[in-house]
Amino acid sequence: MVNATTLLGVVLLARHGDRLEFFQDPLTYNPTETFLTPLGSVQEQQLGSFLRETYLDAASPTFIAGISADTVDLDQLVVRADAGGGGSVILVSVQGLLQGLFPPTPDNNITLANGTTVVAPLGGYQYIPVESVEPNLDISLNSFTSCPNFDLHISEFYASAPFAAEATIAAPFLQQLQPFLGDRSTNFTNMFNIFDFVNVQQVHNASFLHALPPTFGAQAYAFANFHENGVFTDAAPGGIGNIAIRTVLPSIFTSLTRIANGSDPLKLALNEVSYKPFISLFNVTAASAADPSIAGIVDYASAVALELHAPATSGDEPAVRMRFKNGTTDAAFHDLALFGAPSVPLSQFISTLAPIAVNSTQQWCAACNQRSLRGCAVFNK
């Protein structure tokens, strides 16, 4: 019998770190290129160090049983990163996280035939392969662009009564904010870009930070949270508004199933993504219904952990538990409800979400009504 506290492994979603200004078309979410900052790299390394303390420290109550904690065992680890919108920000971010998760160690060495021991560069730096998920080859981590039905969903949200009501509430604030925005539109449809500009300037522009009234940053963030939560959720779990997580679910199922299999070496699966899959994940699992404070844009270097815990008795099955850490200023993981419960059996987690999962490019093309882009043309000959 395995102790009930034994952690078999973890599937992680992690957001990238601090970056420069980023514009997304409010109607399609097609993005412009941006760049990770040194602050963003530090945030990711801090997140990696936190995850190391949580899951790779034998003294931690959530130490992953059997994991190679100091020198990485590549058979125990899968790392994927969204290489889509925004340029290389997400792909570069994951390197910083991995530096904190598996820092350099002199144990990363090799002894040659002549007896010489050679330690890897930078004190034993550990080079960990990362799967670059290219959006034109794999829709799984960036499924919300080039998706006509998702664009329609956005337009319908903008035309809804709740959106109009929130826009009316926001209008006086946006009028006050206008002098700080240059020529940027203050239409409420542009709320993400307004918030992003304010947020970036507050971090990187001392004059802007000094001039901006102290409550304006938080106000912009609150309105942007309403905006993005409306865009990246849907009333039904299988709705197109949740597409950002629906295409990630198959890899989550695969990783958790592999971790549950005692003959499979996998212990840790990391997916580096934007903020969008977080919003949709919290919606389809009803986590944000139980805790509305998490409905919106997660901070840079946030992480969600789907932990797989061994059963209390041999007749039971492993259980999935979800935890969330909102950026580097959040000191610890916080438990989230899964379908209203603290944890659920692995089979229930999969059976509940499997009907809404998008398992292939062909299924994505059909769900989005995309007929030509991102590999869809082959299915419409």
# chains A, B, ... in the order shown; residues from 1 in each chain; ligands from 1

call {"tool": "residues_around", "arguments": {"residues": "Cys365 of chain A", "least_positions_apart": "3", "cutoff": "10 Å", "atoms": "only C-alpha atoms", "output": "PyMOL selection string"}}
result
chain A and resi 139+143+146-149+358+360-362+368-377+379-380

call {"tool": "select_by_dssp", "arguments": {"residues": "segment 78-159 of chain A", "states": "helix (DSSP H, G or I)", "output": "short mmCIF file (atom, residue, chain, number, x, y, z; two decimals) with N, CA and C atoms, in the first residue's frame"}}
result
data_model
loop_
_atom_site.label_atom_id
_atom_site.label_comp_id
_atom_site.auth_asym_id
_atom_site.auth_seq_id
_atom_site.Cartn_x
_atom_site.Cartn_y
_atom_site.Cartn_z
N VAL A 89 9.11 35.03 -26.76
CA VAL A 89 8.99 35.30 -25.33
C VAL A 89 8.75 34.03 -24.52
N ILE A 90 7.80 33.22 -24.93
CA ILE A 90 7.44 32.03 -24.16
C ILE A 90 8.55 31.00 -24.24
N LEU A 91 9.09 30.82 -25.42
CA LEU A 91 10.15 29.84 -25.63
C LEU A 91 11.41 30.19 -24.84
N VAL A 92 11.75 31.47 -24.78
CA VAL A 92 12.92 31.91 -24.01
C VAL A 92 12.64 31.82 -22.51
N SER A 93 11.40 32.12 -22.13
CA SER A 93 11.03 32.08 -20.71
C SER A 93 11.28 30.71 -20.09
N VAL A 94 10.95 29.67 -20.83
CA VAL A 94 11.06 28.33 -20.24
C VAL A 94 12.50 27.98 -19.91
N GLN A 95 13.45 28.57 -20.63
CA GLN A 95 14.86 28.32 -20.31
C GLN A 95 15.21 28.88 -18.93
N GLY A 96 14.67 30.06 -18.61
CA GLY A 96 14.91 30.61 -17.28
C GLY A 96 14.29 29.75 -16.20
N LEU A 97 13.07 29.27 -16.43
CA LEU A 97 12.42 28.39 -15.46
C LEU A 97 13.24 27.14 -15.22
N LEU A 98 13.74 26.55 -16.30
CA LEU A 98 14.51 25.31 -16.17
C LEU A 98 15.83 25.53 -15.44
N GLN A 99 16.40 26.73 -15.56
CA GLN A 99 17.63 27.03 -14.81
C GLN A 99 17.38 26.99 -13.31
N GLY A 100 16.17 27.45 -12.90
CA GLY A 100 15.83 27.37 -11.48
C GLY A 100 15.42 25.99 -11.04
N LEU A 101 14.75 25.25 -11.92
CA LEU A 101 14.25 23.92 -11.59
C LEU A 101 15.39 22.90 -11.48
N PRO A 121 29.81 23.15 -18.84
CA PRO A 121 30.08 24.59 -18.67
C PRO A 121 29.20 25.24 -17.61
N LEU A 122 29.67 26.40 -17.13
CA LEU A 122 28.92 27.22 -16.17
C LEU A 122 28.65 26.46 -14.88
N GLY A 123 29.65 25.67 -14.46
CA GLY A 123 29.52 24.96 -13.20
C GLY A 123 28.63 23.74 -13.24
N GLY A 124 28.41 23.22 -14.43
CA GLY A 124 27.58 22.03 -14.57
C GLY A 124 26.18 22.33 -15.06
N PRO A 148 -11.89 31.18 -37.08
CA PRO A 148 -13.06 32.04 -37.38
C PRO A 148 -14.19 31.94 -36.37
N ASN A 149 -14.46 30.75 -35.87
CA ASN A 149 -15.54 30.64 -34.89
C ASN A 149 -15.19 31.31 -33.56
N PHE A 150 -13.91 31.31 -33.22
CA PHE A 150 -13.49 32.04 -32.02
C PHE A 150 -13.62 33.54 -32.25
N ASP A 151 -13.27 34.00 -33.45
CA ASP A 151 -13.46 35.42 -33.78
C ASP A 151 -14.94 35.81 -33.65
N LEU A 152 -15.81 34.92 -34.09
CA LEU A 152 -17.25 35.17 -33.97
C LEU A 152 -17.66 35.24 -32.50
N HIS A 153 -17.10 34.35 -31.71
CA HIS A 153 -17.35 34.37 -30.26
C HIS A 153 -16.94 35.71 -29.65
N ILE A 154 -15.79 36.23 -30.06
CA ILE A 154 -15.33 37.53 -29.55
C ILE A 154 -16.34 38.61 -29.91
N SER A 155 -16.75 38.63 -31.15
CA SER A 155 -17.71 39.65 -31.61
C SER A 155 -19.03 39.55 -30.85
N GLU A 156 -19.48 38.33 -30.60
CA GLU A 156 -20.72 38.15 -29.86
C GLU A 156 -20.58 38.64 -28.42
N PHE A 157 -19.42 38.42 -27.82
CA PHE A 157 -19.18 38.92 -26.46
C PHE A 157 -19.20 40.44 -26.45
N TYR A 158 -18.57 41.05 -27.46
CA TYR A 158 -18.56 42.52 -27.53
C TYR A 158 -19.97 43.10 -27.73
#

call {"tool": "closest_residue", "arguments": {"among": "A:Tyr300, A:Phe173, A:Phe63, A:Phe197", "to": "Gly40 of chain A", "atoms": "only C-alpha atoms"}}
result
A:Tyr300

call {"tool": "select_by_dssp", "arguments": {"residues": "segment 26-119 of chain A", "states": "strand (DSSP E or B)", "output": "count of residues only"}}
result
15

call {"tool": "residues_around", "arguments": {"residues": "segment 269-275 of chain A", "least_positions_apart": "4", "cutoff": "10 Å", "atoms": "only C-alpha atoms", "output": "JSON, numbers by chain"}}
result
{"A": [9, 10, 11, 12, 13, 14, 15, 16, 17, 76, 77, 78, 79, 80, 81, 82, 83, 84, 85, 86, 89, 90, 91, 92, 93, 94, 95, 97, 98, 130, 131, 132, 133, 141, 142, 228, 232, 244, 248, 251, 252, 254, 255, 256, 259, 279, 280, 296, 297, 298, 299, 300, 301, 302, 303, 304, 305, 306]}

call {"tool": "atom_distance", "arguments": {"atom1": "atom CA of Val284 of chain A", "atom2": "atom CA of Ala165 of chain A"}}
result
24.7 Å

call {"tool": "closest_residue", "arguments": {"among": "A:Ala167, A:Ile356, A:Val42, A:Val203", "to": "Thr186 of chain A", "atoms": "only C-alpha atoms"}}
result
A:Ala167

call {"tool": "residues_around", "arguments": {"residues": "Leu181 of chain A", "least_positions_apart": "4", "cutoff": "8 Å", "atoms": "only C-alpha atoms", "output": "MDAnalysis selection string"}}
result
chainID A and resid 177 194 197:198

call {"tool": "write_last_selection", "arguments": {"atoms": "N, CA, C and O atoms", "output": "PDB file, in the first residue's frame"}}
result
ATOM      1  N   LEU A 177      -8.027  58.270 -18.090  1.00  0.00           N
ATOM      2  CA  LEU A 177      -6.768  57.612 -18.449  1.00  0.00           C
ATOM      3  C   LEU A 177      -6.234  58.077 -19.806  1.00  0.00           C
ATOM      4  O   LEU A 177      -5.029  57.982 -20.068  1.00  0.00           O
ATOM      5  N   ILE A 194      -4.945  48.423 -23.606  1.00  0.00           N
ATOM      6  CA  ILE A 194      -4.832  49.569 -22.698  1.00  0.00           C
ATOM      7  C   ILE A 194      -4.143  49.138 -21.413  1.00  0.00           C
ATOM      8  O   ILE A 194      -3.193  49.773 -20.953  1.00  0.00           O
ATOM      9  N   PHE A 197      -0.364  48.300 -21.976  1.00  0.00           N
ATOM     10  CA  PHE A 197       0.468  49.497 -22.086  1.00  0.00           C
ATOM     11  C   PHE A 197       0.726  50.095 -20.704  1.00  0.00           C
ATOM     12  O   PHE A 197       1.868  50.405 -20.348  1.00  0.00           O
ATOM     13  N   VAL A 198      -0.327  50.252 -19.919  1.00  0.00           N
ATOM     14  CA  VAL A 198      -0.178  50.833 -18.583  1.00  0.00           C
ATOM     15  C   VAL A 198       0.737  49.962 -17.726  1.00  0.00           C
ATOM     16  O   VAL A 198       1.630  50.463 -17.034  1.00  0.00           O
TER      17      VAL A 198
END

call {"tool": "residues_around", "arguments": {"residues": "Glu307 of chain A", "least_positions_apart": "4", "cutoff": "12 Å", "atoms": "only C-alpha atoms", "output": "count of residues only"}}
result
40

call {"tool": "atom_distance", "arguments": {"atom1": "atom CA of Thr329 of chain A", "atom2": "atom CA of His227 of chain A"}}
result
23.3 Å
